[in-house]
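Undergrad: Structure file my_file-v7.cif (mmCIF, C-alpha atoms) right here:
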data_my_file
#
loop_
_atom_site.label_atom_id
_atom_site.label_comp_id
_atom_site.auth_asym_id
_atom_site.auth_seq_id
_atom_site.Cartn_x
_atom_site.Cartn_y
_atom_site.Cartn_z
CA MET A 1 -47.31 20.98 19.68
CA THR A 2 -44.14 22.73 20.72
CA THR A 3 -41.27 23.99 18.62
CA LEU A 4 -37.61 23.64 19.55
CA SER A 5 -34.82 25.61 17.86
CA PHE A 6 -31.24 24.50 17.57
CA ARG A 7 -28.15 26.06 16.05
CA THR A 8 -25.84 23.59 14.36
CA GLN A 9 -22.10 24.28 14.08
CA LYS A 10 -20.94 22.24 11.10
CA ARG A 11 -22.12 21.19 7.67
CA GLU A 12 -22.57 17.60 8.84
CA GLN A 13 -23.19 16.98 12.49
CA LEU A 14 -25.10 14.72 14.83
CA LEU A 15 -26.38 17.08 17.52
CA ASP A 16 -27.56 15.43 20.74
CA ILE A 17 -30.99 16.85 21.62
CA THR A 18 -32.03 14.20 24.15
CA ALA A 19 -32.09 16.56 27.14
CA GLU A 20 -34.22 19.16 25.39
CA VAL A 21 -36.75 16.61 24.14
CA ASP A 22 -36.93 14.86 27.51
CA ALA A 23 -37.51 18.21 29.25
CA LEU A 24 -40.54 18.80 27.02
CA VAL A 25 -41.88 15.33 27.77
CA ARG A 26 -41.56 15.91 31.54
CA LYS A 27 -43.24 19.30 31.23
CA SER A 28 -46.15 17.83 29.23
CA GLY A 29 -47.54 15.94 32.20
CA VAL A 30 -48.01 12.83 30.06
CA ARG A 31 -47.22 9.68 32.09
CA ASP A 32 -47.50 7.02 29.39
CA GLY A 33 -47.44 7.93 25.76
CA ILE A 34 -45.49 8.58 22.62
CA CYS A 35 -43.24 11.47 21.71
CA PHE A 36 -42.89 12.59 18.09
CA VAL A 37 -39.97 14.80 17.04
CA TRP A 38 -40.15 16.25 13.53
CA SER A 39 -37.63 18.05 11.40
CA LEU A 40 -39.42 20.78 9.45
CA HIS A 41 -36.56 20.85 6.95
CA THR A 42 -35.45 18.85 3.92
CA THR A 43 -31.71 18.81 4.56
CA CYS A 44 -31.67 17.64 8.17
CA GLY A 45 -33.34 14.68 9.83
CA VAL A 46 -33.87 13.19 13.28
CA THR A 47 -32.42 9.87 14.41
CA VAL A 48 -31.87 7.69 17.48
CA ASN A 49 -28.41 6.35 18.18
CA GLU A 50 -25.71 6.06 20.86
CA ASN A 51 -24.85 9.25 22.68
CA ALA A 52 -22.31 7.85 25.17
CA ASP A 53 -19.46 7.91 22.65
CA PRO A 54 -19.54 10.98 20.35
CA ASP A 55 -17.52 9.00 17.82
CA VAL A 56 -20.71 7.15 16.84
CA GLY A 57 -22.21 10.38 15.50
CA HIS A 58 -18.96 11.19 13.73
CA ASP A 59 -18.89 7.79 12.05
CA LEU A 60 -22.48 8.07 10.85
CA ALA A 61 -21.87 11.49 9.29
CA ALA A 62 -18.52 10.42 7.79
CA LYS A 63 -19.81 7.18 6.28
CA MET A 64 -22.87 8.92 4.82
CA ALA A 65 -20.62 11.59 3.32
CA GLN A 66 -18.61 8.84 1.66
CA LEU A 67 -21.67 6.97 0.33
CA VAL A 68 -23.49 10.15 -0.75
CA PRO A 69 -20.75 12.68 -1.56
CA ARG A 70 -21.46 16.39 -1.78
CA ASP A 71 -20.61 16.48 -5.49
CA ASP A 72 -21.67 13.81 -7.92
CA PRO A 73 -22.21 14.05 -11.68
CA LEU A 74 -25.55 12.25 -11.07
CA TYR A 75 -27.08 15.22 -9.29
CA ARG A 76 -29.36 17.67 -11.09
CA HIS A 77 -30.25 19.76 -8.03
CA THR A 78 -26.95 21.61 -8.22
CA GLU A 79 -27.69 25.30 -7.66
CA GLU A 80 -27.64 25.05 -3.89
CA GLY A 81 -24.94 22.38 -3.74
CA ASN A 82 -26.90 20.32 -1.23
CA ALA A 83 -28.35 17.45 -3.27
CA ASP A 84 -26.46 15.08 -0.95
CA ALA A 85 -28.14 16.58 2.12
CA HIS A 86 -31.61 15.92 0.68
CA ILE A 87 -30.75 12.29 -0.05
CA LYS A 88 -29.26 11.71 3.42
CA THR A 89 -32.34 13.23 5.02
CA SER A 90 -34.62 10.67 3.36
CA LEU A 91 -32.29 7.85 4.40
CA VAL A 92 -32.27 8.90 8.06
CA GLY A 93 -35.87 10.15 8.14
CA THR A 94 -37.52 13.35 9.34
CA CYS A 95 -39.42 11.97 12.35
CA ALA A 96 -38.26 10.20 15.49
CA THR A 97 -40.99 8.30 17.35
CA LEU A 98 -40.14 7.57 20.99
CA PRO A 99 -41.86 5.76 23.86
CA VAL A 100 -42.82 7.74 26.99
CA SER A 101 -43.12 5.91 30.29
CA ASP A 102 -43.37 7.18 33.86
CA GLY A 103 -43.47 10.77 32.66
CA LYS A 104 -40.18 10.67 30.76
CA LEU A 105 -38.61 9.36 27.55
CA LEU A 106 -38.09 5.61 27.65
CA LEU A 107 -34.74 5.09 25.96
CA GLY A 108 -32.42 2.11 25.92
CA THR A 109 -29.24 2.38 28.00
CA TRP A 110 -27.19 3.79 25.14
CA GLN A 111 -29.88 5.59 23.17
CA GLY A 112 -30.05 9.33 22.57
CA VAL A 113 -32.01 11.51 20.15
CA PHE A 114 -30.09 13.44 17.51
CA LEU A 115 -30.71 16.20 15.05
CA ALA A 116 -28.90 14.92 11.96
CA GLU A 117 -27.58 18.02 10.22
CA PHE A 118 -26.46 17.53 6.62
CA ASP A 119 -26.33 21.14 5.35
CA GLY A 120 -25.30 23.31 8.28
CA PRO A 121 -24.40 25.37 10.04
CA ARG A 122 -27.99 26.58 10.32
CA THR A 123 -30.76 27.31 12.77
CA ARG A 124 -33.17 24.39 12.70
CA ARG A 125 -36.73 24.08 13.93
CA LEU A 126 -38.15 20.84 15.28
CA ALA A 127 -41.81 20.24 16.15
CA VAL A 128 -42.53 18.02 19.15
CA THR A 129 -45.82 16.41 20.19
CA VAL A 130 -46.31 14.27 23.29
CA LEU A 131 -49.33 12.01 22.89
CA PRO A 132 -50.87 10.28 25.91
CA VAL A 133 -51.74 6.59 25.51
CA PRO A 134 -54.97 5.70 27.29
CA GLY A 135 -54.73 2.92 29.88
CA PRO A 136 -56.33 -0.42 29.05
CA ALA A 137 -60.13 -0.28 29.11
CA PRO A 138 -61.81 -2.27 31.89
CA ARG A 139 -62.97 -5.65 30.62
CA MET B 140 -46.47 -0.75 26.93
CA THR B 141 -45.25 -4.30 26.64
CA THR B 142 -41.74 -5.64 26.18
CA LEU B 143 -40.81 -8.48 23.86
CA SER B 144 -37.47 -10.31 24.02
CA PHE B 145 -35.81 -12.04 21.12
CA ARG B 146 -32.58 -14.01 20.77
CA THR B 147 -30.79 -13.46 17.48
CA GLN B 148 -28.52 -16.12 16.01
CA LYS B 149 -26.12 -14.27 13.75
CA ARG B 150 -24.19 -10.99 13.62
CA GLU B 151 -26.43 -9.69 10.85
CA GLN B 152 -29.92 -11.09 10.58
CA LEU B 153 -33.43 -10.10 9.66
CA LEU B 154 -35.57 -11.87 12.26
CA ASP B 155 -39.28 -12.16 11.44
CA ILE B 156 -41.26 -10.99 14.48
CA THR B 157 -44.63 -10.52 12.76
CA ALA B 158 -46.43 -13.28 14.68
CA GLU B 159 -45.27 -12.04 18.09
CA VAL B 160 -46.22 -8.43 17.37
CA ASP B 161 -49.59 -9.42 15.92
CA ALA B 162 -50.32 -11.59 18.98
CA LEU B 163 -49.80 -8.52 21.21
CA VAL B 164 -52.11 -6.45 19.01
CA ARG B 165 -54.87 -9.09 19.23
CA LYS B 166 -54.43 -9.35 22.99
CA SER B 167 -54.65 -5.56 23.41
CA GLY B 168 -58.34 -5.44 22.51
CA VAL B 169 -57.73 -2.43 20.22
CA ARG B 170 -59.94 -2.67 17.11
CA ASP B 171 -58.65 0.29 15.10
CA GLY B 172 -55.37 1.89 15.94
CA ILE B 173 -51.65 2.08 15.50
CA CYS B 174 -48.94 -0.27 16.71
CA PHE B 175 -45.48 1.06 17.55
CA VAL B 176 -42.53 -1.34 17.81
CA TRP B 177 -39.32 0.12 19.25
CA SER B 178 -35.80 -1.20 19.42
CA LEU B 179 -34.27 -0.14 22.72
CA HIS B 180 -30.79 -0.68 21.28
CA THR B 181 -28.36 1.24 19.09
CA THR B 182 -27.06 -1.65 16.99
CA CYS B 183 -30.35 -3.20 15.88
CA GLY B 184 -33.40 -1.64 14.28
CA VAL B 185 -36.93 -2.57 13.24
CA THR B 186 -38.11 -2.66 9.65
CA VAL B 187 -40.99 -3.79 7.44
CA ASN B 188 -40.27 -5.91 4.39
CA GLU B 189 -41.22 -9.12 2.59
CA ASN B 190 -41.36 -12.24 4.75
CA ALA B 191 -42.55 -14.73 2.13
CA ASP B 192 -39.06 -15.24 0.67
CA PRO B 193 -36.32 -15.29 3.34
CA ASP B 194 -33.83 -14.28 0.64
CA VAL B 195 -35.15 -10.72 0.88
CA GLY B 196 -33.84 -10.43 4.43
CA HIS B 197 -30.56 -11.99 3.38
CA ASP B 198 -30.15 -9.50 0.55
CA LEU B 199 -30.85 -6.51 2.79
CA ALA B 200 -28.26 -7.61 5.35
CA ALA B 201 -25.71 -8.52 2.67
CA LYS B 202 -26.06 -5.29 0.72
CA MET B 203 -25.86 -3.18 3.87
CA ALA B 204 -22.73 -5.09 4.91
CA GLN B 205 -21.20 -4.22 1.55
CA LEU B 206 -22.17 -0.53 1.71
CA VAL B 207 -21.23 -0.15 5.38
CA PRO B 208 -18.48 -2.71 6.02
CA ARG B 209 -17.54 -3.83 9.51
CA ASP B 210 -14.08 -2.31 9.22
CA ASP B 211 -13.39 1.04 7.64
CA PRO B 212 -10.50 3.45 8.23
CA LEU B 213 -13.16 6.18 8.55
CA TYR B 214 -14.48 4.81 11.83
CA ARG B 215 -13.41 6.25 15.18
CA HIS B 216 -15.75 4.12 17.32
CA THR B 217 -13.42 1.15 17.07
CA GLU B 218 -13.16 -0.38 20.53
CA GLU B 219 -16.30 -2.47 20.20
CA GLY B 220 -15.89 -3.15 16.48
CA ASN B 221 -19.51 -2.28 15.78
CA ALA B 222 -19.40 1.19 14.22
CA ASP B 223 -21.09 -0.30 11.14
CA ALA B 224 -23.98 -1.63 13.23
CA HIS B 225 -24.69 1.85 14.63
CA ILE B 226 -24.75 3.36 11.14
CA LYS B 227 -27.02 0.64 9.74
CA THR B 228 -29.41 1.10 12.67
CA SER B 229 -29.92 4.78 11.82
CA LEU B 230 -30.46 3.90 8.15
CA VAL B 231 -33.15 1.31 8.91
CA GLY B 232 -34.60 3.13 11.93
CA THR B 233 -35.45 2.07 15.48
CA CYS B 234 -39.26 2.27 15.30
CA ALA B 235 -41.79 0.52 13.09
CA THR B 236 -45.21 2.17 12.95
CA LEU B 237 -47.98 -0.16 11.77
CA PRO B 238 -51.71 0.22 11.13
CA VAL B 239 -54.15 -1.84 13.21
CA SER B 240 -57.55 -2.67 11.75
CA ASP B 241 -60.24 -5.14 12.85
CA GLY B 242 -58.23 -6.04 15.94
CA LYS B 243 -55.10 -7.13 14.10
CA LEU B 244 -52.08 -5.77 12.24
CA LEU B 245 -53.01 -4.44 8.81
CA LEU B 246 -50.12 -5.49 6.60
CA GLY B 247 -49.82 -5.65 2.84
CA THR B 248 -49.89 -9.13 1.28
CA TRP B 249 -46.12 -9.52 1.39
CA GLN B 250 -45.30 -7.40 4.43
CA GLY B 251 -43.80 -8.68 7.66
CA VAL B 252 -42.12 -6.99 10.63
CA PHE B 253 -38.46 -7.67 11.25
CA LEU B 254 -35.93 -7.12 13.97
CA ALA B 255 -32.88 -5.98 12.00
CA GLU B 256 -29.90 -7.33 13.91
CA PHE B 257 -26.56 -5.80 12.98
CA ASP B 258 -24.37 -6.82 15.95
CA GLY B 259 -25.63 -10.20 17.13
CA PRO B 260 -26.02 -12.79 18.31
CA ARG B 261 -27.67 -11.07 21.28
CA THR B 262 -30.82 -10.95 23.34
CA ARG B 263 -32.80 -7.90 22.21
CA ARG B 264 -35.65 -6.06 23.89
CA LEU B 265 -38.41 -4.36 21.92
CA ALA B 266 -41.10 -2.12 23.39
CA VAL B 267 -44.57 -2.31 21.85
CA THR B 268 -47.51 0.05 22.28
CA VAL B 269 -50.93 -0.38 20.68
CA LEU B 270 -52.75 2.92 20.46
CA PRO B 271 -56.49 3.03 19.77
CA VAL B 272 -57.66 5.55 17.19
CA PRO B 273 -60.97 7.12 18.18
CA GLY B 274 -63.81 6.79 15.66
CA PRO B 275 -64.90 9.90 13.78
CA ALA B 276 -66.76 12.36 16.01
CA PRO B 277 -70.46 12.82 15.25
CA ARG B 278 -70.99 15.91 13.07
CA MET C 279 -58.42 4.59 8.12
CA THR C 280 -58.63 5.57 4.49
CA THR C 281 -56.92 4.08 1.46
CA LEU C 282 -55.39 6.11 -1.36
CA SER C 283 -54.42 4.60 -4.71
CA PHE C 284 -51.74 5.92 -7.00
CA ARG C 285 -50.45 4.85 -10.39
CA THR C 286 -46.72 5.29 -10.82
CA GLN C 287 -45.18 5.82 -14.25
CA LYS C 288 -41.60 4.64 -13.96
CA ARG C 289 -39.58 1.90 -12.30
CA GLU C 290 -38.02 4.40 -9.90
CA GLN C 291 -39.93 7.55 -9.14
CA LEU C 292 -40.62 10.00 -6.35
CA LEU C 293 -44.33 10.76 -6.74
CA ASP C 294 -45.56 13.88 -4.92
CA ILE C 295 -48.69 12.94 -2.94
CA THR C 296 -48.80 15.98 -0.65
CA ALA C 297 -52.06 17.36 -2.03
CA GLU C 298 -53.91 14.05 -1.73
CA VAL C 299 -52.73 13.44 1.84
CA ASP C 300 -53.49 17.01 2.90
CA ALA C 301 -56.99 16.75 1.41
CA LEU C 302 -57.66 13.71 3.61
CA VAL C 303 -56.38 15.56 6.68
CA ARG C 304 -58.70 18.53 5.98
CA LYS C 305 -61.64 16.20 5.42
CA SER C 306 -60.98 14.34 8.70
CA GLY C 307 -62.01 17.30 10.84
CA VAL C 308 -58.95 16.82 13.07
CA ARG C 309 -57.56 20.20 14.18
CA ASP C 310 -54.40 19.10 16.00
CA GLY C 311 -53.00 15.68 15.51
CA ILE C 312 -50.76 13.33 13.64
CA CYS C 313 -51.12 11.89 10.17
CA PHE C 314 -49.70 8.44 9.34
CA VAL C 315 -49.18 7.41 5.72
CA TRP C 316 -48.34 3.75 5.13
CA SER C 317 -47.15 1.89 2.10
CA LEU C 318 -48.80 -1.55 2.05
CA HIS C 319 -46.07 -2.82 -0.27
CA THR C 320 -42.50 -4.09 0.07
CA THR C 321 -41.00 -2.44 -3.00
CA CYS C 322 -42.17 1.14 -2.46
CA GLY C 323 -41.89 3.42 0.55
CA VAL C 324 -43.04 6.82 1.74
CA THR C 325 -40.71 9.73 2.42
CA VAL C 326 -40.65 13.46 3.13
CA ASN C 327 -38.42 15.71 1.04
CA GLU C 328 -38.37 18.86 -1.07
CA ASN C 329 -41.12 19.15 -3.66
CA ALA C 330 -40.29 22.62 -5.01
CA ASP C 331 -37.54 21.34 -7.31
CA PRO C 332 -38.40 17.97 -8.93
CA ASP C 333 -34.66 17.37 -9.38
CA VAL C 334 -34.46 16.49 -5.68
CA GLY C 335 -36.64 13.43 -6.27
CA HIS C 336 -34.62 12.52 -9.35
CA ASP C 337 -31.37 12.73 -7.42
CA LEU C 338 -32.66 10.54 -4.59
CA ALA C 339 -33.82 7.82 -7.01
CA ALA C 340 -30.63 8.05 -9.10
CA LYS C 341 -28.24 7.90 -6.15
CA MET C 342 -30.11 4.99 -4.59
CA ALA C 343 -29.99 3.15 -7.92
CA GLN C 344 -26.22 3.64 -7.93
CA LEU C 345 -25.74 2.49 -4.33
CA VAL C 346 -28.18 -0.42 -4.62
CA PRO C 347 -28.10 -1.45 -8.29
CA ARG C 348 -30.83 -3.56 -9.83
CA ASP C 349 -28.44 -6.44 -10.46
CA ASP C 350 -25.83 -7.55 -8.00
CA PRO C 351 -24.19 -10.97 -7.59
CA LEU C 352 -24.94 -10.61 -3.85
CA TYR C 353 -28.68 -10.96 -4.35
CA ARG C 354 -30.47 -14.29 -3.83
CA HIS C 355 -34.01 -12.94 -4.38
CA THR C 356 -33.52 -12.98 -8.13
CA GLU C 357 -36.69 -14.45 -9.67
CA GLU C 358 -38.57 -11.17 -9.68
CA GLY C 359 -35.52 -9.00 -10.37
CA ASN C 360 -36.47 -6.55 -7.64
CA ALA C 361 -34.11 -7.33 -4.74
CA ASP C 362 -32.87 -3.75 -4.99
CA ALA C 363 -36.40 -2.38 -4.57
CA HIS C 364 -36.87 -4.31 -1.32
CA ILE C 365 -33.59 -2.97 0.08
CA LYS C 366 -34.37 0.63 -0.89
CA THR C 367 -37.80 0.35 0.70
CA SER C 368 -36.27 -0.51 4.08
CA LEU C 369 -33.79 2.36 3.75
CA VAL C 370 -36.50 4.92 3.04
CA GLY C 371 -39.16 3.35 5.27
CA THR C 372 -42.79 2.38 4.76
CA CYS C 373 -44.44 4.97 7.01
CA ALA C 374 -44.40 8.76 7.01
CA THR C 375 -45.47 10.38 10.27
CA LEU C 376 -46.56 14.01 9.87
CA PRO C 377 -47.76 16.73 12.24
CA VAL C 378 -51.28 18.14 11.81
CA SER C 379 -52.00 21.67 13.02
CA ASP C 380 -54.95 23.98 12.39
CA GLY C 381 -56.76 21.28 10.47
CA LYS C 382 -54.03 20.72 7.89
CA LEU C 383 -50.61 19.10 7.43
CA LEU C 384 -47.88 21.09 9.13
CA LEU C 385 -44.96 20.90 6.74
CA GLY C 386 -41.78 22.92 6.55
CA THR C 387 -41.55 25.47 3.73
CA TRP C 388 -39.91 23.04 1.33
CA GLN C 389 -41.37 19.77 2.55
CA GLY C 390 -43.65 17.50 0.57
CA VAL C 391 -44.76 13.88 0.98
CA PHE C 392 -43.68 11.34 -1.62
CA LEU C 393 -44.51 7.83 -2.62
CA ALA C 394 -41.05 6.38 -3.29
CA GLU C 395 -41.55 3.88 -6.10
CA PHE C 396 -38.68 1.43 -6.62
CA ASP C 397 -40.35 -1.27 -8.76
CA GLY C 398 -42.92 0.48 -10.93
CA PRO C 399 -44.84 1.27 -12.90
CA ARG C 400 -47.58 -0.12 -10.67
CA THR C 401 -50.79 0.78 -8.89
CA ARG C 402 -49.95 1.35 -5.23
CA ARG C 403 -52.17 1.47 -2.16
CA LEU C 404 -51.41 3.68 0.81
CA ALA C 405 -53.29 3.61 4.12
CA VAL C 406 -53.78 6.93 5.91
CA THR C 407 -54.89 7.57 9.49
CA VAL C 408 -55.38 11.01 11.05
CA LEU C 409 -55.12 10.83 14.82
CA PRO C 410 -56.37 13.71 16.98
CA VAL C 411 -54.08 14.82 19.81
CA PRO C 412 -56.06 15.76 22.92
CA GLY C 413 -55.46 19.27 24.26
CA PRO C 414 -53.51 19.63 27.51
CA ALA C 415 -55.49 18.44 30.55
CA PRO C 416 -56.49 21.16 33.02
CA ARG C 417 -54.08 21.33 35.97
#
Please, can you express the file's structure as structure tokens?
TA:
Amino acid sequence: MTTLSFRTQKREQLLDITAEVDALVRKSGVRDGICFVWSLHTTCGVTVNENADPDVGHDLAAKMAQLVPRDDPLYRHTEEGNADAHIKTSLVGTCATLPVSDGKLLLGTWQGVFLAEFDGPRTRRLAVTVLPVPGPAPR
Amino acid sequence: MTTLSFRTQKREQLLDITAEVDALVRKSGVRDGICFVWSLHTTCGVTVNENADPDVGHDLAAKMAQLVPRDDPLYRHTEEGNADAHIKTSLVGTCATLPVSDGKLLLGTWQGVFLAEFDGPRTRRLAVTVLPVPGPAPR
Amino acid sequence: MTTLSFRTQKREQLLDITAEVDALVRKSGVRDGICFVWSLHTTCGVTVNENADPDVGHDLAAKMAQLVPRDDPLYRHTEEGNADAHIKTSLVGTCATLPVSDGKLLLGTWQGVFLAEFDGPRTRRLAVTVLPVPGPAPR
């Protein structure tokens, strides 16, 4: 397992980490396998979405902020003022699972991997494991 | 890794792909393991839900359309008119991870696997890997 | 694969299952690996979030109940009165994927694993697999 660190710049931000994750996959020597990227935090997640147009990340953060606003009389976890960030993290998820083929991430044409920051700016740690998939057994 | 192709019929649709995924698992020869199903797209995801009553899929698509409408002044990714589909894809996720036991998918009584289309009708490609889990090592 | 059973107490509840999952990981003998926790149901999921302050779980359940209310004229799956629980399950997901290091769950300081009950109280079954990750091959 390897750890990656990222510094986010805003409270809510989709940070493209595709290049860093793919570099780890290439370095791992795994040809065919699966790459797991974990957030070790409870107020940021990991997600896969389009990275060609940065507006996609903006829209995701903006819509989630509207659906799950920072302040809401419903919330009891109010001391840190980040109840919304916890909720968004469970909606987006804390693990991205990605196919590895030919020694690199297999992503669709428009897909990228994002750290989904909901309570930044902060330094965030992600754990990454690249698991080899054994070839088919001889029959 | 294998690729499956599906043609969706509507803009928003939960398409039951359980039989196709299970057929791949059976063909793989893996007795005990894990099956990964990936969407290689950014406007459709993969999810697990009830497939006995098709109304469940309808309700999921309809409620998500209400929460994340197609048009919203918040959106900046407006050229393709599918900002909502990107957001929904991150909420549902692009990978389904499923247990394999006895050479087939281990699903709960009511569980099925669905391609969650949010910007159809389109032809969609899913990648599938069936990973064997080694038996417990002798102690 | 192992099965864990839990009894939930309320209709909507985040039940902390970290200790039970970690006990299985320790018992498995796997030093470095990945732990998969699956809900075998369609009205409860599995999620990772803060377990230090129980208000975090309350807020997640309460906000989701507001966004996806139990009754909504949109719903067609009305006989069982749990259309909302199906939708929430797909939003949270039915599988938690967790890193294993040093023979135990590797969680961030504030992270715990939760059964996310949306249609309780019920007895729920979770499947758990602990997969060893092979060490790096000699170069």
Undergrad: Write out as an MDAnalysis selection string the residues lying within 9 Å of region 30-38 of chain A, counting only C-alpha atoms and excluding same-chain residues fewer than 5 positions away.
TA: (chainID A and resid 21 25 45:46 94:105 125:135) or (chainID B and resid 140 268) or (chainID C and resid 375:377)
Undergrad: Just say which residues the PyMOL selection byres ((chain B) within 6 of (chain A)) picks in this file, as a PyMOL selection string.
TA: chain B and resi 179-181+214-216+226+230
Undergrad: For this file, the PyMOL selection byres ((chain B and resi 263) around 10) selects which residues, as a PDB file with C-alpha atoms, in the frame of the given file?
TA:
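The file below, part_30.pdb, is the result:
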ATOM      1  CA  LEU B 143     -40.810  -8.480  23.860  1.00  0.00           C
ATOM      2  CA  SER B 144     -37.470 -10.310  24.020  1.00  0.00           C
ATOM      3  CA  PHE B 145     -35.810 -12.040  21.120  1.00  0.00           C
ATOM      4  CA  ARG B 146     -32.580 -14.010  20.770  1.00  0.00           C
ATOM      5  CA  THR B 147     -30.790 -13.460  17.480  1.00  0.00           C
ATOM      6  CA  SER B 178     -35.800  -1.200  19.420  1.00  0.00           C
ATOM      7  CA  LEU B 179     -34.270  -0.140  22.720  1.00  0.00           C
ATOM      8  CA  HIS B 180     -30.790  -0.680  21.280  1.00  0.00           C
ATOM      9  CA  THR B 182     -27.060  -1.650  16.990  1.00  0.00           C
ATOM     10  CA  CYS B 183     -30.350  -3.200  15.880  1.00  0.00           C
ATOM     11  CA  LEU B 254     -35.930  -7.120  13.970  1.00  0.00           C
ATOM     12  CA  GLU B 256     -29.900  -7.330  13.910  1.00  0.00           C
ATOM     13  CA  GLY B 259     -25.630 -10.200  17.130  1.00  0.00           C
ATOM     14  CA  PRO B 260     -26.020 -12.790  18.310  1.00  0.00           C
ATOM     15  CA  ARG B 261     -27.670 -11.070  21.280  1.00  0.00           C
ATOM     16  CA  THR B 262     -30.820 -10.950  23.340  1.00  0.00           C
ATOM     17  CA  ARG B 264     -35.650  -6.060  23.890  1.00  0.00           C
ATOM     18  CA  LEU B 265     -38.410  -4.360  21.920  1.00  0.00           C
TER      19      LEU B 265
END
Undergrad: Report the distance between CA of Pro69 (chain A) and CA of Leu352 (chain C) in Å, rounded to one decimal place.
TA: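 Separation between CA of Pro69 (chain A) and CA of Leu352 (chain C): 23.8 Å.
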Undergrad: In Å to one decimal, how far is CA of Glu12 (chain A) from CA of Ala85 (chain A)?
TA: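 For CA of Ala85 (chain A) relative to CA of Glu12 (chain A), the distance reads 8.8 Å.
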Undergrad: Enter the distance from CA of Asp16 (chain A) to CA of Val113 (chain A), in Å, rounded to one decimal.
TA: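 A separation of 6.0 Å between them.
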